[in-house]
>>> print(open('final.cif').read())   # mmCIF, C-alpha atoms
data_query
loop_
_atom_site.label_atom_id
_atom_site.label_comp_id
_atom_site.auth_asym_id
_atom_site.auth_seq_id
_atom_site.Cartn_x
_atom_site.Cartn_y
_atom_site.Cartn_z
CA MET A 173 -22.99 17.77 -0.47
CA THR A 174 -25.61 15.30 0.64
CA ARG A 175 -26.29 13.74 3.99
CA TYR A 176 -26.54 9.93 4.26
CA ALA A 177 -27.35 7.59 7.13
CA LEU A 178 -26.56 3.91 7.40
CA THR A 179 -29.72 1.98 6.64
CA SER A 180 -28.71 -0.63 9.21
CA ASP A 181 -28.01 2.01 11.87
CA PRO A 182 -29.74 5.36 11.16
CA SER A 183 -27.98 6.97 14.15
CA VAL A 184 -24.80 7.01 12.06
CA SER A 185 -25.15 9.76 9.51
CA VAL A 186 -22.53 11.60 7.52
CA GLU A 187 -22.33 14.36 5.00
CA VAL A 188 -20.51 13.08 1.91
CA VAL A 189 -18.45 15.33 -0.35
CA SER A 190 -17.12 13.48 -3.34
CA ALA A 191 -13.93 14.62 -5.06
CA SER A 192 -14.56 12.69 -8.25
CA LEU A 193 -11.23 12.46 -10.02
CA ALA A 194 -11.26 9.09 -11.78
CA CYS A 195 -12.91 5.70 -12.04
CA CYS A 196 -13.11 5.05 -8.25
CA THR A 197 -15.92 7.55 -8.09
CA LEU A 198 -18.18 5.18 -10.06
CA GLU A 199 -17.91 2.63 -7.25
CA LEU A 200 -18.58 5.42 -4.76
CA GLN A 201 -21.76 6.39 -6.60
CA VAL A 202 -22.84 2.74 -6.55
CA ALA A 203 -22.22 2.66 -2.79
CA LEU A 204 -24.24 5.84 -2.25
CA SER A 205 -27.22 4.45 -4.17
CA SER A 206 -26.93 0.80 -3.11
CA GLY A 207 -29.60 0.88 -0.42
CA ALA A 208 -27.08 0.44 2.39
CA LEU A 209 -27.20 4.24 2.78
CA THR A 210 -30.33 6.35 3.06
CA ARG A 211 -30.57 10.01 2.18
CA VAL A 212 -31.27 12.28 5.13
CA PRO A 213 -33.25 15.50 4.62
CA GLU A 214 -31.09 18.57 4.32
CA GLY A 215 -30.81 20.91 7.24
CA ASP A 216 -29.30 18.53 9.79
CA VAL A 217 -25.77 19.31 10.86
CA GLY A 218 -23.21 16.73 11.81
CA PRO A 219 -20.00 15.04 10.84
CA SER A 220 -18.87 15.12 7.26
CA VAL A 221 -16.37 13.25 5.15
CA ILE A 222 -14.69 14.24 1.90
CA VAL A 223 -13.92 11.27 -0.31
CA ILE A 224 -10.89 11.58 -2.56
CA ALA A 225 -11.83 9.06 -5.24
CA GLY A 226 -9.38 8.82 -8.09
CA THR A 227 -5.95 9.75 -9.40
CA VAL A 228 -4.53 12.99 -7.99
CA THR A 229 -2.11 14.45 -10.50
CA ASP A 230 0.38 17.09 -9.38
CA ALA A 231 -1.50 19.63 -11.49
CA LEU A 232 -4.73 18.85 -9.63
CA VAL A 233 -3.27 19.01 -6.11
CA PRO A 234 -3.97 22.76 -5.56
CA SER A 235 -7.59 22.35 -6.66
CA VAL A 236 -8.09 19.28 -4.47
CA LEU A 237 -6.55 21.06 -1.46
CA GLU A 238 -8.76 24.08 -2.09
CA LEU A 239 -11.80 21.81 -2.10
CA ILE A 240 -10.70 20.09 1.12
CA HIS A 241 -9.95 23.36 2.91
CA SER A 242 -13.30 24.81 1.87
CA TYR A 243 -14.90 22.22 4.21
CA PRO A 244 -13.25 22.74 7.60
CA ASP A 245 -13.62 19.95 10.20
CA THR A 246 -14.25 17.45 7.44
CA LYS A 247 -12.57 14.05 7.61
CA VAL A 248 -10.60 13.03 4.53
CA MET A 249 -11.06 9.52 3.15
CA SER A 250 -8.51 8.20 0.69
CA PHE A 251 -10.67 5.95 -1.50
CA GLY A 252 -8.72 3.54 -3.68
CA ALA A 253 -5.10 2.91 -4.58
CA CYS A 254 -4.55 6.10 -6.60
CA ALA A 255 -5.51 8.50 -3.84
CA THR A 256 -3.57 6.43 -1.30
CA SER A 257 -0.26 5.87 -3.05
CA GLY A 258 -0.57 6.69 -6.74
CA GLY A 259 -1.76 3.13 -7.33
CA PRO A 260 -0.88 1.73 -10.76
CA TYR A 261 0.64 5.12 -11.62
CA TRP A 262 3.11 5.08 -8.72
CA ASP A 263 6.08 5.47 -11.09
CA SER A 264 4.46 8.15 -13.25
CA PRO A 265 6.15 11.57 -12.73
CA PRO A 266 2.99 13.72 -13.02
CA VAL A 267 0.98 11.68 -10.49
CA SER A 268 1.19 12.46 -6.77
CA LYS A 269 2.10 9.51 -4.56
CA GLY A 270 -0.76 9.75 -2.13
CA ILE A 271 -2.97 12.57 -0.91
CA ASP A 272 -1.60 12.05 2.61
CA GLN A 273 1.50 13.98 1.58
CA PHE A 274 -0.63 17.12 1.65
CA VAL A 275 -3.46 16.60 4.15
CA GLU A 276 -4.20 14.39 7.12
CA VAL A 277 -6.16 11.33 6.04
CA SER A 278 -8.61 9.65 8.45
CA THR A 279 -9.30 6.46 6.53
CA TYR A 280 -7.64 4.54 3.74
CA VAL A 281 -9.76 2.18 1.67
CA ALA A 282 -7.83 -0.42 -0.32
CA GLY A 283 -8.82 -1.47 -3.80
CA CYS A 284 -8.51 -0.50 -7.42
CA PRO A 285 -11.30 0.38 -7.26
CA PRO A 286 -12.60 -0.55 -3.80
CA ARG A 287 -15.89 -2.41 -3.87
CA PRO A 288 -18.97 -0.37 -2.92
CA ASP A 289 -19.35 -2.26 0.37
CA ALA A 290 -15.82 -1.16 1.30
CA PHE A 291 -17.14 2.42 1.48
CA ILE A 292 -20.00 1.37 3.75
CA GLN A 293 -17.48 -0.49 5.92
CA ALA A 294 -15.24 2.58 6.05
CA ILE A 295 -18.14 4.76 7.26
CA GLN A 296 -18.96 2.13 9.92
CA GLU A 297 -15.34 2.01 11.10
CA LEU A 298 -15.05 5.80 11.21
CA SER A 299 -18.13 5.84 13.40
CA VAL A 300 -16.87 3.01 15.67
CA ASN A 301 -13.52 4.80 16.08
CA GLY A 302 -15.35 7.92 17.18
CA ALA A 303 -14.03 9.88 14.22
CA LEU A 304 -17.53 10.86 13.14
CA MET B 240 -15.70 -15.00 -6.38
CA LYS B 241 -15.43 -11.47 -5.08
CA HIS B 242 -12.17 -9.66 -5.63
CA SER B 243 -11.91 -8.90 -1.94
CA PHE B 244 -8.60 -10.22 -0.66
CA ILE B 245 -5.59 -12.17 -1.87
CA ALA B 246 -4.42 -14.78 0.61
CA LEU B 247 -1.08 -16.55 0.80
CA ILE B 248 -0.89 -20.27 1.52
CA GLU B 249 2.64 -20.19 2.87
CA ASP B 250 3.35 -23.93 2.68
CA LYS B 251 2.79 -23.98 -1.07
CA CYS B 252 5.05 -21.01 -1.89
CA THR B 253 8.40 -21.94 -3.42
CA SER B 254 9.72 -18.34 -3.61
CA CYS B 255 9.82 -18.61 -7.40
CA MET B 256 9.21 -14.84 -7.74
CA LEU B 257 6.73 -15.20 -10.63
CA CYS B 258 4.02 -13.22 -8.81
CA VAL B 259 6.49 -10.48 -7.87
CA ARG B 260 7.61 -10.06 -11.46
CA GLU B 261 4.18 -10.29 -13.07
CA CYS B 262 2.37 -7.91 -10.70
CA PRO B 263 1.42 -4.85 -12.81
CA ALA B 264 1.54 -2.58 -9.76
CA TRP B 265 4.73 -4.17 -8.35
CA CYS B 266 3.07 -4.43 -4.97
CA ILE B 267 4.50 -7.80 -3.87
CA HIS B 268 7.79 -8.04 -1.99
CA LEU B 269 9.37 -11.41 -1.36
CA ASP B 270 12.56 -12.48 0.37
CA SER B 271 13.98 -15.98 0.60
CA HIS B 272 17.16 -17.93 1.13
CA THR B 273 18.42 -21.30 -0.10
CA VAL B 274 19.32 -24.28 2.07
CA ASP B 275 20.89 -27.62 1.16
CA VAL B 276 18.71 -30.63 1.92
CA THR B 277 20.19 -34.11 1.70
CA ASP B 278 17.60 -36.83 1.21
CA GLU B 279 18.44 -40.27 2.49
CA GLY B 280 20.30 -42.19 -0.15
CA ALA B 281 20.78 -39.15 -2.36
CA ARG B 282 24.13 -38.70 -4.05
CA ARG B 283 24.24 -34.97 -3.43
CA PRO B 284 22.23 -32.36 -1.54
CA LYS B 285 19.44 -30.51 -3.29
CA LYS B 286 18.76 -26.77 -3.04
CA VAL B 287 15.48 -25.76 -1.43
CA ASN B 288 14.14 -22.20 -1.22
CA VAL B 289 12.91 -21.06 2.18
CA LEU B 290 10.49 -18.14 2.31
CA ASP B 291 11.68 -15.42 4.70
CA SER B 292 9.15 -12.70 4.07
CA PHE B 293 6.21 -12.11 1.77
CA GLU B 294 4.42 -8.78 1.71
CA ILE B 295 1.55 -7.40 -0.35
CA ASP B 296 1.23 -3.61 -0.29
CA TYR B 297 -2.53 -3.17 -0.41
CA SER B 298 -2.12 0.57 -0.92
CA LEU B 299 -0.89 -0.34 -4.41
CA CYS B 300 -2.70 -3.64 -5.11
CA MET B 301 -5.21 -3.52 -7.99
CA TYR B 302 -6.91 -6.79 -7.02
CA CYS B 303 -6.44 -7.87 -10.63
CA GLY B 304 -5.57 -11.46 -9.72
CA VAL B 305 -2.61 -11.77 -12.08
CA CYS B 306 -0.49 -13.11 -9.18
CA ILE B 307 -3.13 -15.77 -8.49
CA ASP B 308 -3.31 -16.80 -12.15
CA VAL B 309 0.43 -16.92 -12.57
CA CYS B 310 1.30 -18.90 -9.43
CA PRO B 311 2.22 -22.43 -10.57
CA PHE B 312 1.73 -23.87 -7.09
CA ASP B 313 -1.62 -22.23 -6.15
CA ALA B 314 0.03 -20.52 -3.22
CA LEU B 315 -2.11 -17.42 -3.75
CA ALA B 316 -5.91 -17.51 -3.73
CA TRP B 317 -8.95 -15.25 -3.57
CA ASP B 318 -10.27 -15.12 -0.05
CA GLU B 319 -13.42 -13.98 1.68
CA HIS B 320 -11.79 -11.54 4.08
CA ARG B 321 -13.63 -8.27 4.44
CA ALA B 322 -12.40 -5.27 2.50
CA LEU B 323 -9.28 -3.64 3.89
CA VAL B 324 -9.99 -0.30 5.60
CA THR B 325 -7.26 1.23 7.76
CA THR B 326 -6.44 4.46 9.55
CA ASN B 327 -2.71 4.20 8.80
CA ARG B 328 -1.14 3.70 5.41
CA GLU B 329 1.56 1.49 6.98
CA ASP B 330 -1.17 -0.97 8.05
CA MET B 331 -1.87 -1.70 4.39
CA LEU B 332 1.45 -3.53 4.06
CA LEU B 333 0.52 -7.08 5.04
CA GLY B 334 3.04 -9.82 5.83
CA ILE B 335 2.89 -13.63 5.94
CA GLU B 336 0.79 -13.82 9.12
CA GLU B 337 -1.83 -11.29 8.01
CA LEU B 338 -2.06 -12.81 4.53
CA GLY B 339 -3.07 -16.27 5.77
CA PRO B 340 -6.38 -17.56 4.39
CA SER B 341 -9.43 -16.89 6.56
CA GLY B 342 -10.36 -19.84 8.71
CA SER B 343 -6.74 -20.95 9.02
CA SER B 344 -6.04 -19.10 12.25
#
>>> encode(input="final.cif", output="structure tokens")
Amino acid sequence: MTRYALTSDPSVSVEVVSASLACCTLELQVALSSGALTRVPEGDVGPSVIVIAGTVTDALVPSVLELIHSYPDTKVMSFGACATSGGPYWDSPPVSKGIDQFVEVSTYVAGCPPRPDAFIQAIQELSVNGAL
Amino acid sequence: MKHSFIALIEDKCTSCMLCVRECPAWCIHLDSHTVDVTDEGARRPKKVNVLDSFEIDYSLCMYCGVCIDVCPFDALAWDEHRALVTTNREDMLLGIEELGPSGSS
């Protein structure tokens, strides 16, 4: 769990928990190290977001929910088509058809995978909407 | 060109269904009807498809561009919209109006 602030607007900072389940997480890592976000020293408290990045299979659902519930008051971001709707695996029986069947999702980011700047944009919009 | 958004140029679409059938994620929905058009001097009316609805479900779309490649009439094109970020999953289903190319409206 690491705290990041927008380089363009350091007043917006967010703790990022990454649920790295599949290839979307690579784009997320690029976003986190792209320079558009700056690491904030640990110790600060503030809003946090858990990013579900990748395919959520039915077998993984309990583990993912356990991870989400271990961070109370954390916003859930559905990052990419798989986490949102099952994506290209929408007709595959062992793949869940969206994490929003199980938990409340604050933001959906479209893409397969979404581009890194889509993550930055999602953080900006969460902050504008007062969700952070 | 960034794979950021797929825009529909409605006037060019002939409702041929190629994009719908070739989409690997099956994320395009299209509805149309046929009307008879009689040109002046023609011996019989010709059938013309009229597009009723065209939707891309961006919660499924892989931004692979197969629909753009396969369209024989260039009715679909990469566009410079910003990335799609929504708070509701329903908002990711975009219709004809929302799919228009940027700068057109």
>>> interface_residues(input="final.cif", of="chain B", to="chain A", cutoff="12 Å", atoms="all atoms listed in the file", output="PDB file with C-alpha atoms, keeping the file's coordinate frame")
ATOM      1  CA  LYS B 241     -15.430 -11.470  -5.080  1.00  0.00           C
ATOM      2  CA  HIS B 242     -12.170  -9.660  -5.630  1.00  0.00           C
ATOM      3  CA  SER B 243     -11.910  -8.900  -1.940  1.00  0.00           C
ATOM      4  CA  PHE B 244      -8.600 -10.220  -0.660  1.00  0.00           C
ATOM      5  CA  ILE B 245      -5.590 -12.170  -1.870  1.00  0.00           C
ATOM      6  CA  CYS B 262       2.370  -7.910 -10.700  1.00  0.00           C
ATOM      7  CA  PRO B 263       1.420  -4.850 -12.810  1.00  0.00           C
ATOM      8  CA  ALA B 264       1.540  -2.580  -9.760  1.00  0.00           C
ATOM      9  CA  TRP B 265       4.730  -4.170  -8.350  1.00  0.00           C
ATOM     10  CA  CYS B 266       3.070  -4.430  -4.970  1.00  0.00           C
ATOM     11  CA  ILE B 295       1.550  -7.400  -0.350  1.00  0.00           C
ATOM     12  CA  ASP B 296       1.230  -3.610  -0.290  1.00  0.00           C
ATOM     13  CA  TYR B 297      -2.530  -3.170  -0.410  1.00  0.00           C
ATOM     14  CA  SER B 298      -2.120   0.570  -0.920  1.00  0.00           C
ATOM     15  CA  LEU B 299      -0.890  -0.340  -4.410  1.00  0.00           C
ATOM     16  CA  CYS B 300      -2.700  -3.640  -5.110  1.00  0.00           C
ATOM     17  CA  MET B 301      -5.210  -3.520  -7.990  1.00  0.00           C
ATOM     18  CA  TYR B 302      -6.910  -6.790  -7.020  1.00  0.00           C
ATOM     19  CA  CYS B 303      -6.440  -7.870 -10.630  1.00  0.00           C
ATOM     20  CA  GLY B 304      -5.570 -11.460  -9.720  1.00  0.00           C
ATOM     21  CA  HIS B 320     -11.790 -11.540   4.080  1.00  0.00           C
ATOM     22  CA  ARG B 321     -13.630  -8.270   4.440  1.00  0.00           C
ATOM     23  CA  ALA B 322     -12.400  -5.270   2.500  1.00  0.00           C
ATOM     24  CA  LEU B 323      -9.280  -3.640   3.890  1.00  0.00           C
ATOM     25  CA  VAL B 324      -9.990  -0.300   5.600  1.00  0.00           C
ATOM     26  CA  THR B 325      -7.260   1.230   7.760  1.00  0.00           C
ATOM     27  CA  THR B 326      -6.440   4.460   9.550  1.00  0.00           C
ATOM     28  CA  ASN B 327      -2.710   4.200   8.800  1.00  0.00           C
ATOM     29  CA  ARG B 328      -1.140   3.700   5.410  1.00  0.00           C
ATOM     30  CA  GLU B 329       1.560   1.490   6.980  1.00  0.00           C
ATOM     31  CA  ASP B 330      -1.170  -0.970   8.050  1.00  0.00           C
ATOM     32  CA  MET B 331      -1.870  -1.700   4.390  1.00  0.00           C
ATOM     33  CA  LEU B 332       1.450  -3.530   4.060  1.00  0.00           C
ATOM     34  CA  LEU B 333       0.520  -7.080   5.040  1.00  0.00           C
TER      35      LEU B 333
END
>>> closest_residue(input="final.cif", among="B:Ile267, B:Val259, B:Leu338, B:Val274", to="Ala316 of chain B", atoms="all atoms listed in the file")
B:Leu338
>>> resolve_selection(input="final.cif", expression="the PyMOL selection byres ((chain B and resi 247) around 6)", output="PyMOL selection string")
chain B and resi 246+248-249+314-315+338-339
>>> closest_residue(input="final.cif", among="A:Glu187, A:Glu199, A:Asp230, A:Glu276", to="Val248 of chain A", atoms="only C-alpha atoms")
A:Glu276
>>> closest_residue(input="final.cif", among="A:Gly302, A:Ile271, A:Thr246, A:Ile292", to="Asp181 of chain A", atoms="only C-alpha atoms")
A:Ile292
>>> decode(input="final.cif", residues="segment 224-284 of chain A", atoms="C-alpha atoms", output="short mmCIF file (atom, residue, chain, number, x, y, z; two decimals), in the first residue's frame")
data_model
loop_
_atom_site.label_atom_id
_atom_site.label_comp_id
_atom_site.auth_asym_id
_atom_site.auth_seq_id
_atom_site.Cartn_x
_atom_site.Cartn_y
_atom_site.Cartn_z
CA ILE A 224 -9.16 -4.49 -9.22
CA ALA A 225 -6.94 -4.97 -12.26
CA GLY A 226 -7.53 -8.19 -14.14
CA THR A 227 -9.76 -11.20 -14.61
CA VAL A 228 -11.72 -12.24 -11.52
CA THR A 229 -12.46 -15.94 -11.75
CA ASP A 230 -15.18 -17.44 -9.55
CA ALA A 231 -12.49 -19.30 -7.63
CA LEU A 232 -10.72 -16.02 -6.86
CA VAL A 233 -13.81 -14.09 -5.73
CA PRO A 234 -13.52 -15.02 -2.00
CA SER A 235 -9.86 -13.98 -1.91
CA VAL A 236 -10.57 -10.71 -3.72
CA LEU A 237 -13.48 -9.93 -1.35
CA GLU A 238 -11.28 -10.73 1.64
CA LEU A 239 -8.67 -8.29 0.33
CA ILE A 240 -11.30 -5.58 -0.26
CA HIS A 241 -12.89 -6.03 3.17
CA SER A 242 -9.50 -5.90 4.87
CA TYR A 243 -9.36 -2.22 3.82
CA PRO A 244 -12.55 -0.64 5.17
CA ASP A 245 -13.59 2.77 3.75
CA THR A 246 -11.59 2.07 0.62
CA LYS A 247 -13.09 2.93 -2.76
CA VAL A 248 -13.15 0.13 -5.31
CA MET A 249 -12.01 0.85 -8.85
CA SER A 250 -12.88 -1.63 -11.58
CA PHE A 251 -9.89 -1.27 -13.90
CA GLY A 252 -10.38 -2.76 -17.35
CA ALA A 253 -12.98 -4.87 -19.12
CA CYS A 254 -12.40 -8.10 -17.16
CA ALA A 255 -13.05 -6.62 -13.74
CA THR A 256 -16.02 -4.66 -15.09
CA SER A 257 -17.92 -7.30 -17.05
CA GLY A 258 -15.72 -10.33 -17.63
CA GLY A 259 -14.38 -8.63 -20.76
CA PRO A 260 -13.32 -11.03 -23.52
CA TYR A 261 -14.17 -13.91 -21.17
CA TRP A 262 -17.80 -12.84 -20.70
CA ASP A 263 -19.08 -16.21 -21.95
CA SER A 264 -16.58 -18.30 -19.99
CA PRO A 265 -18.31 -20.23 -17.14
CA PRO A 266 -15.47 -19.93 -14.57
CA VAL A 267 -15.09 -16.15 -14.95
CA SER A 268 -17.22 -13.76 -12.90
CA LYS A 269 -19.15 -11.19 -14.92
CA GLY A 270 -18.00 -8.11 -13.10
CA ILE A 271 -16.77 -7.39 -9.59
CA ASP A 272 -19.78 -5.12 -9.06
CA GLN A 273 -21.89 -8.22 -8.46
CA PHE A 274 -20.12 -8.57 -5.12
CA VAL A 275 -19.03 -5.11 -3.96
CA GLU A 276 -19.96 -1.52 -4.64
CA VAL A 277 -17.71 -0.04 -7.32
CA SER A 278 -16.89 3.69 -7.33
CA THR A 279 -15.28 3.97 -10.74
CA TYR A 280 -15.21 1.93 -13.90
CA VAL A 281 -12.31 2.40 -16.29
CA ALA A 282 -12.89 1.14 -19.84
CA GLY A 283 -10.22 -0.58 -21.85
CA CYS A 284 -8.58 -3.92 -22.43
#
